[in-house]
file target_29.cif (mmCIF, C-alpha atoms (C1' of nucleotides))
data_input
#
loop_
_atom_site.group_PDB
_atom_site.id
_atom_site.type_symbol
_atom_site.label_atom_id
_atom_site.label_comp_id
_atom_site.auth_asym_id
_atom_site.auth_seq_id
_atom_site.Cartn_x
_atom_site.Cartn_y
_atom_site.Cartn_z
ATOM 1 C CA MET A 1 -4.390 13.199 89.722
ATOM 2 C CA LYS A 2 -5.215 16.149 91.893
ATOM 3 C CA ASP A 3 -1.600 16.324 92.742
ATOM 4 C CA ASP A 4 -0.023 19.683 92.727
ATOM 5 C CA PRO A 5 1.427 20.220 89.261
ATOM 6 C CA ALA A 6 4.573 21.453 90.968
ATOM 7 C CA SER A 7 5.197 17.992 92.362
ATOM 8 C CA PHE A 8 6.047 16.800 88.851
ATOM 9 C CA LEU A 9 8.714 19.437 88.347
ATOM 10 C CA PRO A 10 11.303 19.805 87.135
ATOM 11 C CA LEU A 11 10.721 17.828 83.946
ATOM 12 C CA SER A 12 13.546 16.031 82.209
ATOM 13 C CA PRO A 13 14.382 17.351 78.748
ATOM 14 C CA ALA A 14 12.790 14.301 77.123
ATOM 15 C CA THR A 15 9.537 14.665 79.035
ATOM 16 C CA LEU A 16 9.373 18.378 78.437
ATOM 17 C CA HIS A 17 9.767 18.016 74.694
ATOM 18 C CA ILE A 18 7.219 15.263 74.441
ATOM 19 C CA LEU A 19 4.609 17.296 76.284
ATOM 20 C CA LEU A 20 5.507 20.277 74.158
ATOM 21 C CA ALA A 21 5.014 18.312 70.969
ATOM 22 C CA LEU A 22 1.589 17.175 72.151
ATOM 23 C CA ALA A 23 0.568 20.660 73.233
ATOM 24 C CA GLY A 24 -0.003 21.703 69.654
ATOM 25 C CA GLU A 25 -2.019 18.768 68.405
ATOM 26 C CA ASP A 26 -2.696 15.121 69.111
ATOM 27 C CA LEU A 27 0.021 12.941 67.675
ATOM 28 C CA HIS A 28 1.037 9.317 67.320
ATOM 29 C CA GLY A 29 4.379 8.087 68.614
ATOM 30 C CA TYR A 30 6.328 8.424 65.430
ATOM 31 C CA GLY A 31 4.799 11.830 64.924
ATOM 32 C CA VAL A 32 6.074 12.918 68.322
ATOM 33 C CA MET A 33 9.592 11.912 67.325
ATOM 34 C CA GLN A 34 9.371 13.950 64.161
ATOM 35 C CA GLU A 35 7.809 16.921 65.883
ATOM 36 C CA VAL A 36 10.489 17.045 68.581
ATOM 37 C CA LEU A 37 13.130 16.901 65.885
ATOM 38 C CA ARG A 38 11.434 19.685 64.002
ATOM 39 C CA GLN A 39 10.904 21.880 67.045
ATOM 40 C CA SER A 40 14.578 21.642 67.910
ATOM 41 C CA ASP A 41 15.781 22.185 64.349
ATOM 42 C CA GLY A 42 17.188 18.701 64.276
ATOM 43 C CA ARG A 43 19.310 19.256 67.357
ATOM 44 C CA TYR A 44 17.434 16.971 69.745
ATOM 45 C CA LYS A 45 16.646 13.504 68.558
ATOM 46 C CA LEU A 46 14.425 11.253 70.604
ATOM 47 C CA GLY A 47 14.975 7.518 70.290
ATOM 48 C CA PRO A 48 12.148 4.988 70.532
ATOM 49 C CA GLY A 49 13.290 3.768 73.931
ATOM 50 C CA THR A 50 13.051 7.177 75.518
ATOM 51 C CA LEU A 51 9.817 7.921 73.733
ATOM 52 C CA TYR A 52 7.873 4.842 74.737
ATOM 53 C CA ASP A 53 9.249 4.797 78.274
ATOM 54 C CA ASN A 54 7.968 8.313 78.645
ATOM 55 C CA ILE A 55 4.600 7.771 77.008
ATOM 56 C CA GLN A 56 3.951 4.844 79.263
ATOM 57 C CA ARG A 57 4.944 6.725 82.400
ATOM 58 C CA LEU A 58 3.047 9.869 81.418
ATOM 59 C CA THR A 59 -0.035 7.784 80.730
ATOM 60 C CA THR A 60 -0.013 6.127 84.135
ATOM 61 C CA GLN A 61 0.577 9.530 85.694
ATOM 62 C CA GLY A 62 -2.460 10.829 83.871
ATOM 63 C CA LEU A 63 -0.685 13.598 82.007
ATOM 64 C CA VAL A 64 -1.226 12.002 78.614
ATOM 65 C CA GLN A 65 -3.918 9.715 77.335
ATOM 66 C CA GLU A 66 -4.500 7.641 74.272
ATOM 67 C CA VAL A 67 -7.330 8.774 72.044
ATOM 68 C CA ALA A 68 -9.423 6.992 69.503
ATOM 69 C CA ARG A 69 -7.992 7.213 66.037
ATOM 70 C CA ARG A 70 -8.404 10.336 64.097
ATOM 71 C CA ALA A 71 -9.752 9.965 60.619
ATOM 72 C CA VAL A 72 -7.028 11.731 58.714
ATOM 73 C CA ASP A 73 -4.286 14.192 59.440
ATOM 74 C CA ARG A 74 -3.691 17.313 57.433
ATOM 75 C CA THR A 75 -1.682 15.481 54.818
ATOM 76 C CA GLY A 76 -4.636 13.234 54.185
ATOM 77 C CA ASN A 77 -2.894 10.135 55.496
ATOM 78 C CA ASP A 78 -4.606 7.519 57.562
ATOM 79 C CA ASP A 79 -2.263 4.756 58.559
ATOM 80 C CA PRO A 80 -4.138 2.198 60.654
ATOM 81 C CA ARG A 81 -1.036 1.368 62.651
ATOM 82 C CA ARG A 82 -1.052 4.747 64.318
ATOM 83 C CA ARG A 83 -1.919 5.207 67.981
ATOM 84 C CA TYR A 84 -2.716 8.757 68.939
ATOM 85 C CA TYR A 85 -2.039 10.500 72.214
ATOM 86 C CA LYS A 86 -3.217 13.756 73.667
ATOM 87 C CA LEU A 87 -2.422 15.951 76.640
ATOM 88 C CA THR A 88 -4.881 15.729 79.486
ATOM 89 C CA PRO A 89 -5.855 18.918 81.324
ATOM 90 C CA ASP A 90 -3.454 17.872 84.077
ATOM 91 C CA GLY A 91 -0.732 17.388 81.502
ATOM 92 C CA ARG A 92 -1.355 20.845 80.161
ATOM 93 C CA GLY A 93 -1.198 22.235 83.661
ATOM 94 C CA VAL A 94 2.125 20.572 84.369
ATOM 95 C CA LEU A 95 3.570 21.774 81.090
ATOM 96 C CA SER A 96 2.367 25.268 81.790
ATOM 97 C CA ALA A 97 3.915 25.228 85.258
ATOM 98 C CA GLU A 98 7.203 24.001 83.869
ATOM 99 C CA ILE A 99 7.286 26.650 81.178
ATOM 100 C CA SER A 100 6.810 29.419 83.673
ATOM 101 C CA ARG A 101 9.405 27.911 85.970
ATOM 102 C CA LEU A 102 11.842 27.834 83.070
ATOM 103 C CA GLU A 103 11.002 31.403 82.312
ATOM 104 C CA THR A 104 12.459 32.503 85.623
ATOM 105 C CA VAL A 105 15.430 30.192 85.179
ATOM 106 C CA VAL A 106 16.180 31.815 81.841
ATOM 107 C CA ARG A 107 15.774 35.307 83.230
ATOM 108 C CA ASP A 108 18.077 34.615 86.164
ATOM 109 C CA GLY A 109 20.521 32.768 83.979
ATOM 110 C CA LYS A 110 20.926 35.605 81.555
ATOM 111 C CA LEU A 111 21.670 38.010 84.354
ATOM 112 C CA ARG A 112 24.233 35.711 85.860
ATOM 113 C CA ILE A 113 26.017 35.023 82.633
ATOM 114 C CA GLN A 114 26.338 38.659 81.715
ATOM 115 C CA ALA A 115 27.843 39.373 85.081
ATOM 116 C CA ALA A 116 30.928 37.497 83.956
ATOM 117 C CA LYS A 117 33.024 40.405 85.138
ATOM 118 C CA PRO A 118 31.289 41.087 88.429
ATOM 119 C CA ARG A 119 31.659 44.660 89.474
ATOM 120 C CA ARG A 120 30.312 44.156 92.941
ATOM 121 C CA ALA A 121 26.914 45.685 93.408
ATOM 122 C CA MET B 1 37.863 20.336 75.584
ATOM 123 C CA LYS B 2 37.169 22.034 72.309
ATOM 124 C CA ASP B 3 33.948 20.153 71.782
ATOM 125 C CA ASP B 4 30.979 21.971 70.480
ATOM 126 C CA PRO B 5 29.024 23.259 73.488
ATOM 127 C CA ALA B 6 25.881 22.013 71.767
ATOM 128 C CA SER B 7 27.056 18.427 72.155
ATOM 129 C CA PHE B 8 26.421 18.703 75.908
ATOM 130 C CA LEU B 9 22.824 19.760 75.451
ATOM 131 C CA PRO B 10 20.226 19.419 76.659
ATOM 132 C CA LEU B 11 21.259 19.581 80.306
ATOM 133 C CA SER B 12 19.380 17.687 82.967
ATOM 134 C CA PRO B 13 17.640 19.877 85.529
ATOM 135 C CA ALA B 14 20.225 18.982 88.172
ATOM 136 C CA THR B 15 23.163 19.870 85.948
ATOM 137 C CA LEU B 16 21.578 23.081 84.791
ATOM 138 C CA HIS B 17 20.932 24.292 88.308
ATOM 139 C CA ILE B 18 24.412 23.432 89.493
ATOM 140 C CA LEU B 19 26.022 25.362 86.652
ATOM 141 C CA LEU B 20 23.629 28.209 87.292
ATOM 142 C CA ALA B 21 24.576 28.336 90.954
ATOM 143 C CA LEU B 22 28.259 28.474 90.038
ATOM 144 C CA ALA B 23 27.737 31.135 87.391
ATOM 145 C CA GLY B 24 27.331 33.809 90.036
ATOM 146 C CA GLU B 25 30.286 33.008 92.247
ATOM 147 C CA ASP B 26 32.604 30.186 93.183
ATOM 148 C CA LEU B 27 31.017 27.915 95.740
ATOM 149 C CA HIS B 28 31.714 24.822 97.779
ATOM 150 C CA GLY B 29 29.468 21.769 97.536
ATOM 151 C CA TYR B 30 27.204 22.563 100.428
ATOM 152 C CA GLY B 31 26.981 26.121 99.187
ATOM 153 C CA VAL B 32 25.750 24.867 95.834
ATOM 154 C CA MET B 33 22.970 22.943 97.553
ATOM 155 C CA GLN B 34 21.882 26.038 99.414
ATOM 156 C CA GLU B 35 22.132 28.279 96.400
ATOM 157 C CA VAL B 36 20.024 25.946 94.249
ATOM 158 C CA LEU B 37 17.434 25.839 96.984
ATOM 159 C CA ARG B 38 17.472 29.607 97.229
ATOM 160 C CA GLN B 39 17.306 30.201 93.482
ATOM 161 C CA SER B 40 14.279 27.948 93.219
ATOM 162 C CA ASP B 41 12.546 29.413 96.261
ATOM 163 C CA GLY B 42 12.860 26.127 98.057
ATOM 164 C CA ARG B 43 11.098 24.227 95.322
ATOM 165 C CA TYR B 44 14.034 22.229 94.031
ATOM 166 C CA LYS B 45 16.156 20.426 96.542
ATOM 167 C CA LEU B 46 19.382 18.785 95.515
ATOM 168 C CA GLY B 47 20.539 15.788 97.556
ATOM 169 C CA PRO B 48 24.185 15.002 98.158
ATOM 170 C CA GLY B 49 24.141 12.027 95.816
ATOM 171 C CA THR B 50 22.990 14.050 92.838
ATOM 172 C CA LEU B 51 25.316 16.891 93.728
ATOM 173 C CA TYR B 52 28.536 14.941 93.987
ATOM 174 C CA ASP B 53 27.746 12.712 91.026
ATOM 175 C CA ASN B 54 27.352 15.843 88.972
ATOM 176 C CA ILE B 55 30.379 17.688 90.293
ATOM 177 C CA GLN B 56 32.536 14.717 89.528
ATOM 178 C CA ARG B 57 31.196 14.321 86.023
ATOM 179 C CA LEU B 58 31.342 18.028 85.273
ATOM 180 C CA THR B 59 34.924 18.127 86.463
ATOM 181 C CA THR B 60 36.060 15.311 84.202
ATOM 182 C CA GLN B 61 34.181 16.994 81.355
ATOM 183 C CA GLY B 62 36.072 20.176 82.048
ATOM 184 C CA LEU B 63 33.039 22.337 82.665
ATOM 185 C CA VAL B 64 33.829 22.884 86.327
ATOM 186 C CA GLN B 65 37.099 22.904 88.184
ATOM 187 C CA GLU B 66 38.146 22.920 91.776
ATOM 188 C CA VAL B 67 39.888 26.037 92.970
ATOM 189 C CA ALA B 68 42.142 26.535 95.903
ATOM 190 C CA ARG B 69 40.547 29.296 97.825
ATOM 191 C CA ARG B 70 40.800 29.883 101.461
ATOM 192 C CA ALA B 71 39.659 33.448 101.458
ATOM 193 C CA VAL B 72 36.706 34.367 103.600
ATOM 194 C CA ASP B 73 33.242 34.667 102.133
ATOM 195 C CA ARG B 74 30.950 37.538 102.783
ATOM 196 C CA THR B 75 29.795 36.149 106.084
ATOM 197 C CA GLY B 76 33.370 36.163 107.247
ATOM 198 C CA ASN B 77 33.506 32.393 107.558
ATOM 199 C CA ASP B 78 36.497 30.324 106.662
ATOM 200 C CA ASP B 79 35.794 26.689 107.223
ATOM 201 C CA PRO B 80 38.836 24.656 106.216
ATOM 202 C CA ARG B 81 36.668 21.702 105.243
ATOM 203 C CA ARG B 82 35.290 23.546 102.266
ATOM 204 C CA ARG B 83 36.256 22.666 98.717
ATOM 205 C CA TYR B 84 35.462 25.362 96.214
ATOM 206 C CA TYR B 85 34.478 24.945 92.588
ATOM 207 C CA LYS B 86 34.237 27.333 89.692
ATOM 208 C CA LEU B 87 32.896 27.333 86.162
ATOM 209 C CA THR B 88 35.513 27.013 83.455
ATOM 210 C CA PRO B 89 35.145 29.093 80.281
ATOM 211 C CA ASP B 90 33.808 25.973 78.574
ATOM 212 C CA GLY B 91 31.322 25.523 81.380
ATOM 213 C CA ARG B 92 30.148 29.070 80.965
ATOM 214 C CA GLY B 93 29.807 28.494 77.231
ATOM 215 C CA VAL B 94 27.698 25.402 77.734
ATOM 216 C CA LEU B 95 25.488 27.142 80.248
ATOM 217 C CA SER B 96 25.057 30.053 77.913
ATOM 218 C CA ALA B 97 24.121 27.767 75.038
ATOM 219 C CA GLU B 98 21.579 25.958 77.198
ATOM 220 C CA ILE B 99 20.011 29.180 78.388
ATOM 221 C CA SER B 100 19.479 30.406 74.872
ATOM 222 C CA ARG B 101 18.123 27.022 73.826
ATOM 223 C CA LEU B 102 15.658 27.180 76.696
ATOM 224 C CA GLU B 103 14.711 30.654 75.663
ATOM 225 C CA THR B 104 13.310 29.347 72.395
ATOM 226 C CA VAL B 105 11.658 26.440 74.185
ATOM 227 C CA VAL B 106 9.888 28.856 76.482
ATOM 228 C CA ARG B 107 8.848 31.108 73.632
ATOM 229 C CA ASP B 108 7.448 28.201 71.618
ATOM 230 C CA GLY B 109 5.858 26.673 74.658
ATOM 231 C CA LYS B 110 3.944 29.776 75.575
ATOM 232 C CA LEU B 111 2.538 30.050 72.093
ATOM 233 C CA ARG B 112 1.461 26.447 72.054
ATOM 234 C CA ILE B 113 -0.155 26.500 75.445
ATOM 235 C CA GLN B 114 -2.339 29.453 74.810
ATOM 236 C CA ALA B 115 -3.032 28.583 71.196
ATOM 237 C CA ALA B 116 -4.712 25.257 71.784
ATOM 238 C CA LYS B 117 -7.450 26.186 74.177
ATOM 239 C CA PRO B 118 -9.841 28.758 72.815
ATOM 240 C CA ARG B 119 -12.811 26.438 73.200
ATOM 241 C CA ARG B 120 -15.326 29.184 72.717
ATOM 242 C CA ALA B 121 -14.544 32.669 73.917
ATOM 243 C "C1'" DG C 1 7.127 -8.599 40.644
ATOM 244 C "C1'" DA C 2 11.144 -7.239 43.267
ATOM 245 C "C1'" DC C 3 13.593 -3.682 45.493
ATOM 246 C "C1'" DT C 4 14.105 0.178 48.295
ATOM 247 C "C1'" DT C 5 13.088 3.753 51.343
ATOM 248 C "C1'" DG C 6 10.196 5.584 54.782
ATOM 249 C "C1'" DT C 7 6.646 4.921 58.325
ATOM 250 C "C1'" DT C 8 5.019 2.932 62.572
ATOM 251 C "C1'" DA C 9 5.061 0.379 66.962
ATOM 252 C "C1'" DG C 10 7.398 -1.806 70.055
ATOM 253 C "C1'" DT C 11 11.233 -4.610 73.041
ATOM 254 C "C1'" DC C 12 15.515 -5.248 75.248
ATOM 255 C "C1'" DG C 13 19.433 -4.589 78.065
ATOM 256 C "C1'" DG C 14 23.197 -1.967 79.471
ATOM 257 C "C1'" DA C 15 24.574 2.610 80.832
ATOM 258 C "C1'" DA C 16 23.832 6.808 82.997
ATOM 259 C "C1'" DT C 17 21.626 9.375 86.342
ATOM 260 C "C1'" DC C 18 19.009 10.315 90.330
ATOM 261 C "C1'" DC C 19 18.594 10.586 95.125
ATOM 262 C "C1'" DG C 20 17.820 9.484 99.891
ATOM 263 C "C1'" DA C 21 19.959 7.006 103.744
ATOM 264 C "C1'" DT C 22 23.891 6.781 105.972
ATOM 265 C "C1'" DA C 23 28.642 7.818 107.766
ATOM 266 C "C1'" DT C 24 31.868 10.952 109.537
ATOM 267 C "C1'" DA C 25 33.432 14.872 111.537
ATOM 268 C "C1'" DA C 26 34.342 19.749 112.578
ATOM 269 C "C1'" DC C 27 31.973 23.840 113.547
ATOM 270 C "C1'" DG C 28 29.438 27.355 116.856
ATOM 271 C "C1'" DG C 29 26.620 28.638 120.290
ATOM 272 C "C1'" DA C 30 23.582 27.718 124.589
ATOM 273 C "C1'" DT D 1 29.029 19.563 127.227
ATOM 274 C "C1'" DC D 2 25.584 18.972 124.039
ATOM 275 C "C1'" DC D 3 23.105 19.975 120.030
ATOM 276 C "C1'" DG D 4 21.987 21.698 115.593
ATOM 277 C "C1'" DT D 5 24.265 23.112 111.535
ATOM 278 C "C1'" DT D 6 27.843 22.931 108.218
ATOM 279 C "C1'" DA D 7 30.434 20.030 105.315
ATOM 280 C "C1'" DT D 8 32.256 16.140 102.419
ATOM 281 C "C1'" DA D 9 31.509 11.803 100.796
ATOM 282 C "C1'" DT D 10 29.839 6.876 99.684
ATOM 283 C "C1'" DC D 11 26.609 3.398 98.899
ATOM 284 C "C1'" DG D 12 23.001 0.976 96.620
ATOM 285 C "C1'" DG D 13 18.456 0.693 94.815
ATOM 286 C "C1'" DA D 14 15.377 2.863 91.611
ATOM 287 C "C1'" DT D 15 14.532 5.390 87.692
ATOM 288 C "C1'" DT D 16 15.481 7.043 83.287
ATOM 289 C "C1'" DC D 17 17.925 7.215 79.083
ATOM 290 C "C1'" DC D 18 18.780 5.580 74.657
ATOM 291 C "C1'" DG D 19 20.483 3.112 70.755
ATOM 292 C "C1'" DA D 20 20.192 -1.452 68.526
ATOM 293 C "C1'" DC D 21 17.119 -4.461 67.144
ATOM 294 C "C1'" DT D 22 12.638 -6.731 65.492
ATOM 295 C "C1'" DA D 23 8.638 -6.604 62.803
ATOM 296 C "C1'" DA D 24 5.321 -4.930 59.601
ATOM 297 C "C1'" DC D 25 3.167 -2.173 56.304
ATOM 298 C "C1'" DA D 26 3.251 1.682 52.782
ATOM 299 C "C1'" DA D 27 4.631 3.763 48.603
ATOM 300 C "C1'" DG D 28 7.260 4.529 45.034
ATOM 301 C "C1'" DT D 29 10.824 2.772 41.521
ATOM 302 C "C1'" DC D 30 13.110 -0.303 38.345
#

call {"tool": "encode", "arguments": {"input": "target_29.cif", "output": "structure tokens"}}
result
Amino acid sequence: MKDDPASFLPLSPATLHILLALAGEDLHGYGVMQEVLRQSDGRYKLGPGTLYDNIQRLTTQGLVQEVARRAVDRTGNDDPRRRYYKLTPDGRGVLSAEISRLETVVRDGKLRIQAAKPRRA
Amino acid sequence: MKDDPASFLPLSPATLHILLALAGEDLHGYGVMQEVLRQSDGRYKLGPGTLYDNIQRLTTQGLVQEVARRAVDRTGNDDPRRRYYKLTPDGRGVLSAEISRLETVVRDGKLRIQAAKPRRA
DNA sequence: GACTTGTTAGTCGGAATCCGATATAACGGA
DNA sequence: TCCGTTATATCGGATTCCGACTAACAAGTC
């Protein structure tokens, strides 16, 4: 995947949040669901359909890859059913590009919204 | 439509950019395409299918409404084929909510991206 | 042991959305 | 007159979303 990271943009909300969840640490599918829920304060809930569709697509695109099981997580659990995923360097690059793109969107957006009563400039 | 603005979130990239384009000034369909292209520095191009699908949906949702406006724009043009649209107050509220949601996403994202890579300094 | 709740992976199928190709036509300038 | 641009709109295939469902195992409770 030496494709330009920009060619993957913009990311859908689901894809963005999945990559974001994996940016912190490697996680298994169910863990991604929980992490997205946590990151959004319970406001954005990812269903299994969306999750696994995305994981599969992201894997074939080379942005995410499955990794050999980790021994234990920080809670000391080790459920053998788990399948862990991690961001590839390309995945991290795409996420990074999207974040900075969104940064300008937010900056522009705030200006535009405030100018609700345009005074001509 | 007294629905909670949060119930419309998150917005797809296409929807977000259309609302953003209309936040500055009332525009006609083709104008929205151009404005989105301009705002993204030519990186995000909206096709007519996506545009009109969205305008229709946003109109029935009450976030956008068509306005009768035959006045000239700043280039002095007055093409009678044009159909202008504007953001409703609800539309502005939804856009505002999405922008502030994205603000936290960006903030979190930046932390996560730089946090997970200090593989030796 | 039986019961219950939570964890974990996945499938399935319909709905929603995307999005380019295409159609149509009026515009403006060379 | 002819051409490139402006402008609205539809169509249909492809992609994505997303909840309901299946299936197990885990862990704690009664």

call {"tool": "calpha_fit_and_write", "arguments": {"input": "target_29.cif", "fixed": "chain B", "moving": "chain A", "output": "CSV table (one decimal) with C-alpha atoms, keeping the file's coordinate frame"}}
result
chain,number,residue,atom,x,y,z
A,1,MET,CA,36.7,20.5,75.2
A,2,LYS,CA,36.1,22.2,71.9
A,3,ASP,CA,32.9,20.3,71.6
A,4,ASP,CA,30.0,22.2,70.4
A,5,PRO,CA,28.2,23.5,73.5
A,6,ALA,CA,25.0,22.3,71.9
A,7,SER,CA,26.2,18.7,72.2
A,8,PHE,CA,25.7,18.9,76.0
A,9,LEU,CA,22.1,20.0,75.8
A,10,PRO,CA,19.6,19.6,77.1
A,11,LEU,CA,20.8,19.7,80.7
A,12,SER,CA,19.0,17.8,83.4
A,13,PRO,CA,17.4,19.9,86.1
A,14,ALA,CA,20.1,19.0,88.6
A,15,THR,CA,22.9,19.9,86.2
A,16,LEU,CA,21.3,23.1,85.2
A,17,HIS,CA,20.8,24.3,88.8
A,18,ILE,CA,24.4,23.4,89.7
A,19,LEU,CA,25.8,25.4,86.9
A,20,LEU,CA,23.5,28.2,87.7
A,21,ALA,CA,24.6,28.3,91.3
A,22,LEU,CA,28.2,28.5,90.2
A,23,ALA,CA,27.6,31.2,87.6
A,24,GLY,CA,27.3,33.8,90.3
A,25,GLU,CA,30.4,33.0,92.3
A,26,ASP,CA,32.7,30.2,93.1
A,27,LEU,CA,31.3,27.9,95.7
A,28,HIS,CA,32.1,24.7,97.7
A,29,GLY,CA,29.8,21.7,97.5
A,30,TYR,CA,27.7,22.5,100.5
A,31,GLY,CA,27.4,26.0,99.4
A,32,VAL,CA,26.0,24.8,96.0
A,33,MET,CA,23.3,22.9,97.9
A,34,GLN,CA,22.3,25.9,99.8
A,35,GLU,CA,22.4,28.2,96.8
A,36,VAL,CA,20.2,25.9,94.7
A,37,LEU,CA,17.8,25.7,97.6
A,38,ARG,CA,17.8,29.5,97.9
A,39,GLN,CA,17.4,30.1,94.2
A,40,SER,CA,14.4,27.9,94.0
A,41,ASP,CA,12.8,29.3,97.2
A,42,GLY,CA,13.2,26.0,98.9
A,43,ARG,CA,11.3,24.1,96.2
A,44,TYR,CA,14.2,22.2,94.8
A,45,LYS,CA,16.5,20.3,97.2
A,46,LEU,CA,19.7,18.7,95.9
A,47,GLY,CA,20.9,15.7,97.8
A,48,PRO,CA,24.6,14.9,98.3
A,49,GLY,CA,24.4,12.0,95.9
A,50,THR,CA,23.2,14.0,93.0
A,51,LEU,CA,25.5,16.9,93.8
A,52,TYR,CA,28.7,14.9,93.9
A,53,ASP,CA,27.8,12.7,91.0
A,54,ASN,CA,27.3,15.9,89.0
A,55,ILE,CA,30.4,17.7,90.2
A,56,GLN,CA,32.5,14.7,89.3
A,57,ARG,CA,31.0,14.4,85.8
A,58,LEU,CA,31.1,18.1,85.1
A,59,THR,CA,34.7,18.2,86.1
A,60,THR,CA,35.8,15.4,83.8
A,61,GLN,CA,33.7,17.1,81.0
A,62,GLY,CA,35.7,20.3,81.7
A,63,LEU,CA,32.6,22.5,82.5
A,64,VAL,CA,33.6,22.9,86.1
A,65,GLN,CA,37.0,23.0,87.8
A,66,GLU,CA,38.2,22.9,91.3
A,67,VAL,CA,40.0,26.1,92.4
A,68,ALA,CA,42.5,26.8,95.1
A,69,ARG,CA,40.9,27.8,98.4
A,70,ARG,CA,39.6,31.2,98.8
A,71,ALA,CA,40.7,33.1,101.8
A,72,VAL,CA,37.4,34.0,103.2
A,73,ASP,CA,33.9,34.4,101.9
A,74,ARG,CA,31.7,37.4,102.5
A,75,THR,CA,30.6,36.2,105.9
A,76,GLY,CA,34.2,36.1,107.0
A,77,ASN,CA,34.3,32.3,107.4
A,78,ASP,CA,37.2,30.2,106.4
A,79,ASP,CA,36.5,26.5,107.0
A,80,PRO,CA,39.5,24.5,105.9
A,81,ARG,CA,37.3,21.5,104.9
A,82,ARG,CA,35.9,23.5,102.0
A,83,ARG,CA,36.7,22.6,98.4
A,84,TYR,CA,35.8,25.3,95.9
A,85,TYR,CA,34.6,24.9,92.3
A,86,LYS,CA,34.2,27.4,89.5
A,87,LEU,CA,32.7,27.4,86.1
A,88,THR,CA,35.1,27.1,83.2
A,89,PRO,CA,34.6,29.2,80.1
A,90,ASP,CA,33.2,26.1,78.4
A,91,GLY,CA,30.9,25.6,81.3
A,92,ARG,CA,29.7,29.2,81.0
A,93,GLY,CA,29.1,28.7,77.3
A,94,VAL,CA,27.0,25.6,77.9
A,95,LEU,CA,25.0,27.3,80.5
A,96,SER,CA,24.4,30.2,78.3
A,97,ALA,CA,23.3,28.0,75.4
A,98,GLU,CA,20.9,26.1,77.7
A,99,ILE,CA,19.4,29.3,79.0
A,100,SER,CA,18.7,30.6,75.5
A,101,ARG,CA,17.3,27.3,74.5
A,102,LEU,CA,15.0,27.3,77.5
A,103,GLU,CA,14.0,30.8,76.5
A,104,THR,CA,12.4,29.6,73.3
A,105,VAL,CA,10.9,26.6,75.1
A,106,VAL,CA,9.2,29.0,77.6
A,107,ARG,CA,8.0,31.3,74.8
A,108,ASP,CA,6.5,28.4,72.8
A,109,GLY,CA,5.1,26.8,75.9
A,110,LYS,CA,3.2,29.9,76.9
A,111,LEU,CA,1.6,30.2,73.5
A,112,ARG,CA,0.6,26.6,73.5
A,113,ILE,CA,-0.9,26.7,77.0
A,114,GLN,CA,-3.0,29.7,76.3
A,115,ALA,CA,-4.4,28.1,73.2
A,116,ALA,CA,-6.3,25.8,75.5
A,117,LYS,CA,-9.4,26.6,73.5
A,118,PRO,CA,-8.0,26.4,70.0
A,119,ARG,CA,-9.9,28.6,67.7
A,120,ARG,CA,-8.2,27.3,64.6
A,121,ALA,CA,-5.9,29.8,63.0

call {"tool": "atom_distance", "arguments": {"input": "target_29.cif", "atom1": "atom CA of A:Leu37", "atom2": "atom CA of A:Leu22"}}
result
13.1 Å

call {"tool": "residues_around", "arguments": {"input": "target_29.cif", "residues": "A:Gly24", "least_positions_apart": "6", "cutoff": "10 Å", "atoms": "all atoms listed in the file", "output": "MDAnalysis selection string"}}
result
(chainID A and resid 35 86:87) or (chainID B and resid 109 111:117)

call {"tool": "resolve_selection", "arguments": {"input": "target_29.cif", "expression": "the PyMOL selection byres ((chain C) within 12 of (chain A))", "output": "list of chain:residue names"}}
result
C:DG6, C:DT7, C:DT8, C:DA9, C:DG10, C:DT11, C:DC12, C:DG13, C:DT17, C:DC18

call {"tool": "write_last_selection", "arguments": {"input": "target_29.cif", "atoms": "C-alpha atoms (C1' of nucleotides)", "output": "mmCIF file, in the coordinates of the input"}}
result
data_model
loop_
_atom_site.group_PDB
_atom_site.id
_atom_site.type_symbol
_atom_site.label_atom_id
_atom_site.label_comp_id
_atom_site.auth_asym_id
_atom_site.auth_seq_id
_atom_site.Cartn_x
_atom_site.Cartn_y
_atom_site.Cartn_z
ATOM 1 C "C1'" DG C 6 10.196 5.584 54.782
ATOM 2 C "C1'" DT C 7 6.646 4.921 58.325
ATOM 3 C "C1'" DT C 8 5.019 2.932 62.572
ATOM 4 C "C1'" DA C 9 5.061 0.379 66.962
ATOM 5 C "C1'" DG C 10 7.398 -1.806 70.055
ATOM 6 C "C1'" DT C 11 11.233 -4.610 73.041
ATOM 7 C "C1'" DC C 12 15.515 -5.248 75.248
ATOM 8 C "C1'" DG C 13 19.433 -4.589 78.065
ATOM 9 C "C1'" DT C 17 21.626 9.375 86.342
ATOM 10 C "C1'" DC C 18 19.009 10.315 90.330
#

call {"tool": "interface_residues", "arguments": {"input": "target_29.cif", "of": "chain D", "to": "chain B", "cutoff": "9 Å", "atoms": "only C-alpha atoms (C1' of nucleotides)", "output": "NGL selection string"}}
result
:D and (6-10)

call {"tool": "write_last_selection", "arguments": {"input": "target_29.cif", "atoms": "C-alpha atoms (C1' of nucleotides)", "output": "mmCIF file, in the frame of the given file"}}
result
data_model
loop_
_atom_site.group_PDB
_atom_site.id
_atom_site.type_symbol
_atom_site.label_atom_id
_atom_site.label_comp_id
_atom_site.auth_asym_id
_atom_site.auth_seq_id
_atom_site.Cartn_x
_atom_site.Cartn_y
_atom_site.Cartn_z
ATOM 1 C "C1'" DT D 6 27.843 22.931 108.218
ATOM 2 C "C1'" DA D 7 30.434 20.030 105.315
ATOM 3 C "C1'" DT D 8 32.256 16.140 102.419
ATOM 4 C "C1'" DA D 9 31.509 11.803 100.796
ATOM 5 C "C1'" DT D 10 29.839 6.876 99.684
#

call {"tool": "residues_around", "arguments": {"input": "target_29.cif", "residues": "B:Leu19", "least_positions_apart": "6", "cutoff": "9 Å", "atoms": "all atoms listed in the file", "output": "compact mmCIF listing (two decimals) with C-alpha atoms, in the frame of the given file"}}
result
# COMPACT_ATOMS: atom_id res chain seq x y z
CA LEU B 63 33.04 22.34 82.66
CA VAL B 64 33.83 22.88 86.33
CA LYS B 86 34.24 27.33 89.69
CA LEU B 87 32.90 27.33 86.16
CA GLY B 91 31.32 25.52 81.38
CA ARG B 92 30.15 29.07 80.96
CA LEU B 95 25.49 27.14 80.25
